[in-house]
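Undergrad: Sending over protein_30.txt (compact mmCIF, C-alpha atoms).
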```txt
# COMPACT_ATOMS: atom_id res chain seq x y z
CA ASN A 21 126.97 101.52 81.55
CA GLY A 22 126.46 99.04 84.40
CA GLY A 23 130.13 97.98 84.58
CA GLY A 24 131.52 94.52 85.11
CA GLY A 25 131.78 91.68 82.63
CA GLY A 26 128.28 92.35 81.37
CA GLY A 27 129.09 95.96 80.38
CA GLY A 28 128.36 95.35 76.70
CA ARG A 29 124.99 93.80 77.43
CA TYR A 30 124.10 96.54 79.89
CA SER A 31 125.15 99.18 77.33
CA TYR A 32 122.65 97.73 74.89
CA ILE A 33 119.90 97.63 77.54
CA ASP A 34 120.66 101.21 78.60
CA GLN A 35 120.57 102.48 75.03
CA ALA A 36 117.39 100.59 74.18
CA THR A 37 115.75 102.00 77.31
CA ARG A 38 116.75 105.54 76.41
CA ASP A 39 115.29 105.10 72.93
CA VAL A 40 111.98 103.76 74.29
CA LEU A 41 111.63 106.57 76.82
CA SER A 42 112.65 109.33 74.39
CA PRO A 43 109.65 111.29 73.04
CA LEU A 44 111.75 112.10 69.97
CA ALA A 45 112.56 108.49 69.12
CA LEU A 46 109.08 107.19 70.03
CA PRO A 47 106.42 109.92 70.20
CA LEU A 48 103.55 109.44 72.64
CA GLY A 49 100.73 107.38 71.16
CA ARG A 50 102.94 105.71 68.55
CA LEU A 51 103.94 102.48 70.31
CA THR A 52 103.34 99.24 68.41
CA PRO A 53 102.73 95.75 69.84
CA ASP A 54 106.35 94.92 68.91
CA ASP A 55 107.51 97.95 70.90
CA VAL A 56 105.53 96.73 73.94
CA SER A 57 107.08 93.27 73.57
CA ALA A 58 110.53 94.88 73.59
CA ILE A 59 109.56 96.95 76.66
CA CYS A 60 108.55 93.75 78.48
CA GLY A 61 112.04 92.37 77.82
CA LEU A 62 113.61 95.56 79.14
CA ILE A 63 111.41 95.46 82.25
CA ALA A 64 112.55 91.89 82.94
CA ALA A 65 116.21 92.86 82.45
CA TRP A 66 116.07 95.92 84.70
CA GLY A 67 114.15 94.02 87.36
CA LYS A 68 116.99 91.51 87.71
CA ARG A 69 119.50 94.21 88.71
CA ARG A 70 118.09 94.30 92.27
CA THR A 71 118.86 98.02 92.57
CA ARG A 72 116.75 101.06 93.29
CA HIS A 73 117.74 102.56 89.94
CA GLY A 74 116.68 99.36 88.20
CA ALA A 75 113.29 99.34 89.92
CA LEU A 76 112.72 103.02 89.11
CA THR A 77 113.52 102.33 85.46
CA VAL A 78 111.02 99.46 85.46
CA GLU A 79 108.38 101.89 86.76
CA ARG A 80 109.22 104.39 83.99
CA LEU A 81 108.94 101.68 81.32
CA LEU A 82 105.59 100.53 82.71
CA LYS A 83 104.34 104.12 82.81
CA ARG A 84 105.42 104.57 79.18
CA VAL A 85 102.95 101.91 78.05
CA VAL A 86 100.20 103.24 80.35
CA ASP A 87 100.71 106.77 78.97
CA ASP A 88 100.38 105.48 75.41
CA MET A 89 97.10 103.78 76.27
CA ASN A 90 95.81 106.94 77.93
CA ALA A 91 96.80 108.89 74.80
CA GLY A 92 94.32 106.77 72.83
CA ASN A 93 96.61 104.12 71.36
CA ALA A 94 94.29 101.13 71.01
CA ASP A 95 97.03 98.89 69.59
CA VAL A 96 98.87 98.40 72.87
CA ARG A 97 97.83 97.05 76.26
CA VAL A 98 99.47 97.00 79.66
CA THR A 99 99.23 93.56 81.25
CA THR A 100 99.15 91.92 84.66
CA ARG A 101 102.55 90.39 83.90
CA MET A 102 104.08 93.84 83.41
CA TYR A 103 102.60 95.09 86.68
CA THR A 104 103.81 91.97 88.48
CA MET A 105 107.36 92.37 87.16
CA ALA A 106 107.35 95.97 88.41
CA ILE A 107 106.15 94.87 91.87
CA ASP A 108 108.76 92.11 91.95
CA ALA A 109 111.52 94.55 90.91
CA TRP A 110 110.87 96.55 94.09
CA ALA A 111 110.58 93.37 96.17
CA LYS A 112 114.09 92.40 95.07
CA VAL A 113 115.45 95.75 96.32
CA GLY A 114 114.06 95.39 99.86
CA GLY A 115 113.35 98.04 102.45
CA GLU A 116 110.33 100.08 103.43
CA GLU A 117 110.34 102.43 100.43
CA SER A 118 110.47 99.45 98.08
CA ALA A 119 107.54 97.76 99.81
CA ARG A 120 105.45 100.93 99.69
CA ARG A 121 106.17 101.48 96.00
CA ALA A 122 105.39 97.83 95.27
CA GLN A 123 102.04 98.16 97.04
CA ALA A 124 101.26 101.39 95.19
CA ILE A 125 101.79 99.59 91.86
CA HIS A 126 99.67 96.67 93.05
CA GLU A 127 96.84 98.94 94.15
CA GLY A 128 97.02 100.83 90.86
CA MET A 129 96.52 97.60 88.93
CA VAL A 130 93.61 96.52 91.16
CA ARG A 131 92.00 99.94 90.78
CA GLN A 132 92.40 99.89 87.01
CA TYR A 133 90.79 96.46 86.78
CA ARG A 134 87.86 97.43 89.00
CA GLU A 135 87.26 100.63 87.01
CA THR A 136 87.62 99.16 83.52
CA GLY A 137 87.05 95.42 83.82
CA ASP A 138 90.01 94.97 81.44
CA PRO A 139 90.93 91.24 81.63
CA ASN A 140 94.50 92.11 80.63
CA VAL A 141 95.08 93.62 84.09
CA ARG A 142 93.10 91.16 86.16
CA PRO A 143 95.03 90.62 89.44
CA THR A 144 96.40 87.13 89.97
CA THR A 145 97.75 85.07 92.83
CA VAL A 146 101.26 85.73 91.50
CA SER A 147 100.78 89.51 91.52
CA TYR A 148 99.42 89.44 95.08
CA ASN A 149 102.29 87.19 96.17
CA ALA A 150 104.82 89.64 94.73
CA CYS A 151 103.35 92.39 96.91
CA ILE A 152 103.32 90.15 100.00
CA ASN A 153 106.94 89.24 99.29
CA ALA A 154 107.88 92.92 99.06
CA TRP A 155 106.61 93.52 102.59
CA SER A 156 108.11 90.28 103.88
CA LYS A 157 111.55 91.41 102.70
CA SER A 158 111.17 94.99 103.91
CA ARG A 159 112.01 94.14 107.54
CA THR A 160 109.97 97.09 108.77
CA THR A 161 108.26 96.90 112.16
CA ASP A 162 104.85 96.51 110.54
CA ALA A 163 105.98 94.26 107.66
CA ALA A 164 104.14 91.20 108.98
CA ASP A 165 100.94 93.18 109.54
CA ARG A 166 101.10 94.61 106.02
CA ALA A 167 101.77 91.23 104.45
CA GLU A 168 98.98 89.58 106.42
CA ALA A 169 96.52 92.34 105.47
CA ILE A 170 97.10 91.50 101.79
CA LEU A 171 96.71 87.80 102.55
CA GLU A 172 93.45 88.44 104.41
CA GLU A 173 92.16 90.34 101.37
CA MET A 174 92.84 87.23 99.27
CA VAL A 175 91.24 84.87 101.81
CA LEU A 176 88.14 87.08 102.12
CA ALA A 177 87.73 87.24 98.33
CA TRP A 178 88.14 83.46 98.13
CA ARG A 179 85.52 82.87 100.85
CA GLU A 180 83.07 85.21 99.12
CA ALA A 181 83.65 83.35 95.87
CA GLN A 182 83.02 80.03 97.62
CA GLU A 183 79.77 81.40 99.05
CA ARG A 184 78.68 82.68 95.64
CA LYS A 185 79.52 79.33 94.13
CA GLY A 186 77.43 77.56 96.80
CA GLU A 187 74.51 79.93 96.23
CA GLU A 188 74.70 79.43 92.47
CA GLU A 189 74.79 75.65 92.87
CA ALA A 190 71.82 75.77 95.27
CA MET A 191 69.91 77.99 92.84
CA ALA A 192 70.67 75.67 89.93
CA SER A 193 69.54 72.69 91.99
CA ALA A 194 66.29 74.46 92.95
CA GLN A 195 65.64 75.37 89.31
CA GLU A 196 66.17 71.77 88.23
CA GLU A 197 63.81 70.59 90.96
CA GLU A 198 61.19 73.15 89.94
CA ALA A 199 61.54 72.15 86.29
CA ALA A 200 61.01 68.52 87.23
CA LYS A 201 57.86 69.46 89.17
CA MET A 202 56.55 71.44 86.21
CA GLU A 203 57.10 68.49 83.92
CA GLY A 204 55.18 66.35 86.38
CA ARG A 205 52.28 68.85 86.45
CA GLU A 206 52.21 69.01 82.66
CA ALA A 207 52.11 65.23 82.49
CA GLN A 208 49.19 65.20 84.94
CA GLY A 209 47.48 67.93 82.93
CA ASP A 210 47.74 65.90 79.76
CA ASN A 211 46.15 62.95 81.53
CA GLY A 212 43.33 65.12 82.91
CA GLU A 213 42.62 66.55 79.47
CA ASP A 214 42.27 63.06 78.04
CA GLU A 215 39.64 62.33 80.66
CA GLY A 216 37.68 65.50 79.83
CA ASP A 217 38.36 67.13 83.20
CA ASN A 218 40.28 70.19 82.08
CA GLY A 219 38.43 73.00 83.83
CA ASP A 220 41.39 73.88 86.06
CA ILE A 221 43.93 73.54 83.28
CA ALA A 222 42.55 75.38 80.30
CA GLY A 223 40.42 78.02 81.97
CA ASN A 224 39.44 79.78 85.16
CA ALA A 225 36.36 79.25 87.28
CA ASP A 226 34.21 80.91 84.61
CA ASN A 227 35.74 78.81 81.82
CA GLU A 228 37.35 81.92 80.37
CA PRO A 229 40.68 81.54 78.57
CA VAL A 230 43.66 81.93 80.81
CA SER A 231 45.68 85.07 80.05
CA GLU A 232 49.36 85.76 80.72
CA THR A 233 48.41 87.96 83.66
CA ASP A 234 46.58 85.02 85.23
CA LEU A 235 49.72 82.89 84.98
CA SER A 236 52.09 85.40 86.59
CA SER A 237 51.72 88.33 88.89
CA GLU A 238 54.00 91.35 89.10
CA GLU A 239 55.70 89.83 92.12
CA ASP A 240 56.53 86.68 90.11
CA LEU A 241 58.22 88.55 87.28
CA ASP A 242 62.01 88.68 87.37
CA ASP A 243 63.37 92.00 88.53
CA PRO A 244 66.01 92.92 85.93
CA GLU A 245 68.22 94.55 88.53
CA GLU A 246 67.92 91.61 90.88
CA ALA A 247 68.62 89.19 88.05
CA ASP A 248 71.81 91.06 87.21
CA LEU A 249 73.08 90.39 90.72
CA THR A 250 73.22 86.68 89.94
CA VAL A 251 75.47 87.26 86.92
CA PRO A 252 79.13 87.36 87.94
CA SER A 253 80.69 90.70 87.03
CA PRO A 254 84.03 90.53 85.22
CA ARG A 255 85.29 93.11 87.71
CA ILE A 256 84.62 90.81 90.66
CA TYR A 257 87.58 88.51 91.10
CA ALA A 258 88.75 85.96 93.62
CA VAL A 259 92.49 85.47 93.94
CA LYS A 260 92.98 82.32 95.94
CA PRO A 261 96.05 82.37 98.20
CA ASP A 262 98.51 79.55 97.72
CA VAL A 263 101.47 78.05 99.58
CA VAL A 264 103.68 81.00 98.60
CA SER A 265 101.15 83.52 99.96
CA PHE A 266 100.96 81.85 103.37
CA THR A 267 104.65 80.96 103.64
CA SER A 268 105.71 84.54 102.87
CA CYS A 269 103.41 85.87 105.61
CA ILE A 270 104.58 83.29 108.14
CA ASP A 271 108.17 84.16 107.26
CA ALA A 272 107.40 87.86 107.78
CA HIS A 273 106.11 87.08 111.28
CA ALA A 274 109.19 84.95 112.02
CA LYS A 275 111.50 87.80 110.99
CA SER A 276 109.56 90.42 112.95
CA GLY A 277 110.53 89.17 116.39
CA ARG A 278 107.39 90.82 117.76
CA PRO A 279 105.43 89.39 120.71
CA ARG A 280 103.09 86.53 119.77
CA SER A 281 104.51 86.35 116.24
CA ASP A 282 104.91 82.60 116.71
CA LEU A 283 101.22 82.19 117.59
CA ARG A 284 100.18 84.32 114.61
CA SER A 285 102.35 82.11 112.40
CA LEU A 286 100.67 79.02 113.84
CA ARG A 287 97.23 80.54 113.20
CA LEU A 288 98.10 81.11 109.54
CA LEU A 289 99.39 77.54 109.24
CA SER A 290 96.13 76.22 110.73
CA LEU A 291 94.08 78.28 108.25
CA MET A 292 96.23 76.98 105.43
CA GLU A 293 95.72 73.36 106.47
CA TYR A 294 91.98 73.97 106.78
CA MET A 295 91.81 75.35 103.24
CA HIS A 296 93.75 72.35 101.95
CA ARG A 297 91.48 69.88 103.77
CA THR A 298 88.27 71.49 102.52
CA THR A 299 89.36 72.06 98.91
CA LEU A 300 91.99 69.33 98.36
CA ASP A 301 93.82 71.94 96.31
CA PRO A 302 97.53 71.01 96.20
CA SER A 303 98.49 74.65 95.59
CA VAL A 304 97.60 75.55 99.20
CA LYS A 305 99.21 72.51 100.83
CA PRO A 306 101.91 73.37 103.41
CA ASN A 307 105.43 72.21 102.56
CA VAL A 308 108.82 72.07 104.25
CA TYR A 309 109.36 75.80 103.68
CA THR A 310 106.07 76.63 105.39
CA TYR A 311 106.85 74.47 108.41
CA SER A 312 110.41 75.81 108.49
CA ALA A 313 109.15 79.39 108.69
CA CYS A 314 106.80 78.41 111.51
CA ILE A 315 109.56 76.62 113.46
CA ASN A 316 111.78 79.67 112.95
CA ALA A 317 109.03 81.83 114.46
CA PHE A 318 109.01 79.58 117.53
CA ALA A 319 112.83 79.64 117.68
CA LYS A 320 112.81 83.45 117.89
CA SER A 321 109.95 83.67 120.38
CA SER A 322 110.45 84.61 124.02
CA ASP A 323 107.47 82.47 125.05
CA PRO A 324 108.70 79.74 127.44
CA ARG A 325 106.50 77.25 125.56
CA ALA A 326 108.13 78.07 122.21
CA PRO A 327 110.92 75.41 122.29
CA ARG A 328 108.42 72.63 122.94
CA ASN A 329 106.16 73.99 120.20
CA ALA A 330 109.10 74.02 117.78
CA GLU A 331 109.97 70.43 118.67
CA ALA A 332 106.33 69.38 118.32
CA MET A 333 106.23 70.95 114.86
CA LEU A 334 109.38 69.03 113.90
CA ASP A 335 107.82 65.76 115.17
CA TYR A 336 104.68 66.54 113.15
CA MET A 337 106.79 66.96 110.01
CA ARG A 338 108.51 63.62 110.67
CA GLN A 339 105.14 61.90 111.02
CA LEU A 340 103.86 63.39 107.79
CA TYR A 341 106.92 62.11 105.99
CA GLU A 342 107.44 58.72 107.67
CA ARG A 343 103.83 57.62 108.15
CA HIS A 344 102.10 59.29 105.22
CA GLY A 345 104.89 59.52 102.68
CA ASP A 346 104.60 63.28 102.39
CA TRP A 347 108.03 64.04 100.95
CA GLN A 348 107.17 67.75 100.68
CA SER A 349 107.17 67.88 104.50
CA LYS A 350 110.41 65.95 105.04
CA PRO A 351 112.43 67.74 107.76
CA ASN A 352 115.83 69.11 106.78
CA VAL A 353 118.92 70.26 108.63
CA ILE A 354 117.57 73.82 108.88
CA ASN A 355 114.56 72.56 110.84
CA TYR A 356 116.75 70.67 113.31
CA ASN A 357 119.04 73.69 113.73
CA SER A 358 116.03 75.92 114.41
CA CYS A 359 114.86 73.56 117.14
CA ILE A 360 118.36 73.55 118.64
CA ASN A 361 118.35 77.35 118.60
CA ALA A 362 114.93 77.40 120.26
CA TRP A 363 116.18 75.25 123.13
CA GLY A 364 119.40 77.26 123.24
CA ARG A 365 117.39 80.39 123.99
CA ALA A 366 115.24 78.65 126.59
CA LYS A 367 115.77 79.34 130.29
CA GLU A 368 114.16 76.09 131.31
CA ARG A 369 116.28 73.68 133.34
CA GLY A 370 117.67 70.94 131.12
CA ALA A 371 117.22 72.98 127.95
CA ALA A 372 120.89 72.61 127.01
CA GLU A 373 120.63 68.80 127.15
CA ARG A 374 117.61 68.89 124.87
```
Spit out the file's structure as structure tokens when you get a sec.
TA:
Amino acid sequence: NGGGGGGGRYSYIDQATRDVLSPLALPLGRLTPDDVSAICGLIAAWGKRRTRHGALTVERLLKRVVDDMNAGNADVRVTTRMYTMAIDAWAKVGGEESARRAQAIHEGMVRQYRETGDPNVRPTTVSYNACINAWSKSRTTDAADRAEAILEEMVLAWREAQERKGEEEAMASAQEEEAAKMEGREAQGDNGEDEGDNGDIAGNADNEPVSETDLSSEEDLDDPEEADLTVPSPRIYAVKPDVVSFTSCIDAHAKSGRPRSDLRSLRLLSLMEYMHRTTLDPSVKPNVYTYSACINAFAKSSDPRAPRNAEAMLDYMRQLYERHGDWQSKPNVINYNSCINAWGRAKERGAAER
């Protein structure tokens, strides 16, 4: 029953889970919204156990709701939150299997959204971060590569969204400019009509009435298919990475101990700072945890330049805090210890005194 001081609580959770998953107690297609609400509570409870059995049970509970939907039950919906809790349950377990199962759940949600356009399962930054975190904690040889691939997917989607936004703004501006020109022409036309010179306005060269085909050619007509391309599809989404996304990836590189992991961490930090500068979005602003992960990457690097890079990063954090009042970048004891470790690993003469 789970054992320990919480045995009574776990007994209730275990029994409630058995009831939900039993086809005799709850036949397929008969779930109610209240049942789904109870399942969400069970998913949260099982996810906190940080065990493989707990994560597997979360998957079974999630699948129970999906199966009911597929059976034609229109009263219940699976949600992004439920998918995210399932991904996070595996992230808490750690290891390669957990990361792979977390990614499979993530990809299933993305696929469902792209196929159905259901806003209830629209991927979010939090759901992507849960998948990145699963790989970051897996400690597999390719964990950093896997985590960064998910981050790059987010960055690419964000850049495409920024480009679409710029194109839409440019199009709107051009339309406003064209509308203003048309108003100017109409005003001139009204003046010309008052003066009796309306040959070019009301008719053609033969003073025949102007028809609709004279005003627009086939090339000028809007192509319905082309027009649809300018309308954002609900299935196209941009999940902007935030400080958690980047910090988890940098941390994965720091833990990997692979060659050039420190430089890859620094590249991600630079991209992060660029996004913050260009958008002024506080959600993507580096903080002490981000810089700590980067310093840790330098501390574990075999590059002879790594200790100086770690110390330079620490000095940069001090400047941000002391000169600019950025308390989120205030160095802590962990940062100083990481720099000490970096110099402790160095073979450079005088490293010990540093």
Undergrad: Work out how far atom CA of A:Trp178 is from atom CA of A:Arg284, in Å to one decimal.
TA: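 Between these atoms lies a distance of 20.4 Å.
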Undergrad: Can you measure atom CA of A:Ala181 to atom CA of A:Ala258 for me? One decimal in Å is fine.
TA: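 Those two atoms sit 6.2 Å apart.
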Undergrad: Skip A:Ser303 itself and residues of its chain fewer than 6 positions away, then list as a PyMOL selection string all residues within 9 Å of it, counting all atoms listed in the file.
TA: chain A and resi 261-264+296
Undergrad: Taking 6 positions as the minimum chain separation for residues in the same chain, which residues sit within 10 Å of A:Gly115 when counting all atoms listed in the file? Answer as a list of chain:residue names.
TA: A:Ala154, A:Trp155, A:Ser156, A:Lys157, A:Ser158, A:Arg159, A:Thr160, A:Ala163
Undergrad: Write out the residues from the selection above, keeping C-alpha atoms, as a compact mmCIF listing (two decimals), in the coordinates of the input.
TA:
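Result file follows (out_28.txt):
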```txt
# COMPACT_ATOMS: atom_id res chain seq x y z
CA ALA A 154 107.88 92.92 99.06
CA TRP A 155 106.61 93.52 102.59
CA SER A 156 108.11 90.28 103.88
CA LYS A 157 111.55 91.41 102.70
CA SER A 158 111.17 94.99 103.91
CA ARG A 159 112.01 94.14 107.54
CA THR A 160 109.97 97.09 108.77
CA ALA A 163 105.98 94.26 107.66
```
Undergrad: Quote the spacing between atom CA of A:Arg297 and atom CA of A:Phe266 in Å to one decimal place.
TA: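 Between atom CA of A:Arg297 and atom CA of A:Phe266 the gap works out to 15.3 Å.
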Undergrad: Using all atoms listed in the file, which protein or nucleic acid residues come within 7 Å of A:Ile315? Drop anything in the same chain fewer than 5 positions from it, and give the result as a list of chain:residue names.
TA: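 So the residues in contact are A:Ala330, A:Met333, A:Asn355, A:Ser358.
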Undergrad: Taking into account all atoms listed in the file, which residue in the set A:Asp162, A:Glu196, A:Ser42, A:Lys260 is nearest to A:Glu180?
TA: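 Using all atoms listed in the file, A:Glu180 sits closest to A:Lys260.
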Undergrad: Mind listing as a PyMOL selection string all residues within 12 Å of (110.2, 67.6, 115.0), counting all atoms listed in the file?
TA: chain A and resi 308+311-312+314-315+327-342+349-360
Undergrad: At a cut-off of 10 Å around the point (95.6, 89.5, 102.0) (file coordinates), what residues fall inside when counting all atoms listed in the file? I'd like the answer as a PyMOL selection string.
TA: chain A and resi 148-149+151-152+165-177+259-261+265-266+269
Undergrad: What lies within 7 Å of A:Ile59 using all atoms listed in the file, ignoring chain neighbours under 4 positions off, as a VMD selection string?
TA: chain A and resid 55 63 81
Undergrad: With all atoms listed in the file as the counted atoms, please give the residues lying no more than 12 Å from A:Arg50, apart from itself and same-chain residues fewer than 2 positions off, as an MDAnalysis selection string.
TA: chainID A and resid 40 42:48 52:56 84:85 87:96
Undergrad: Quick one: of A:Leu288, A:Leu62, A:Ala164, A:Leu76, who's nearest to A:Asp34, counting all atoms listed in the file?
TA: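 Checking each of A:Leu288, A:Leu62, A:Ala164, A:Leu76 against A:Asp34, counting all atoms listed in the file, the winner is A:Leu62.
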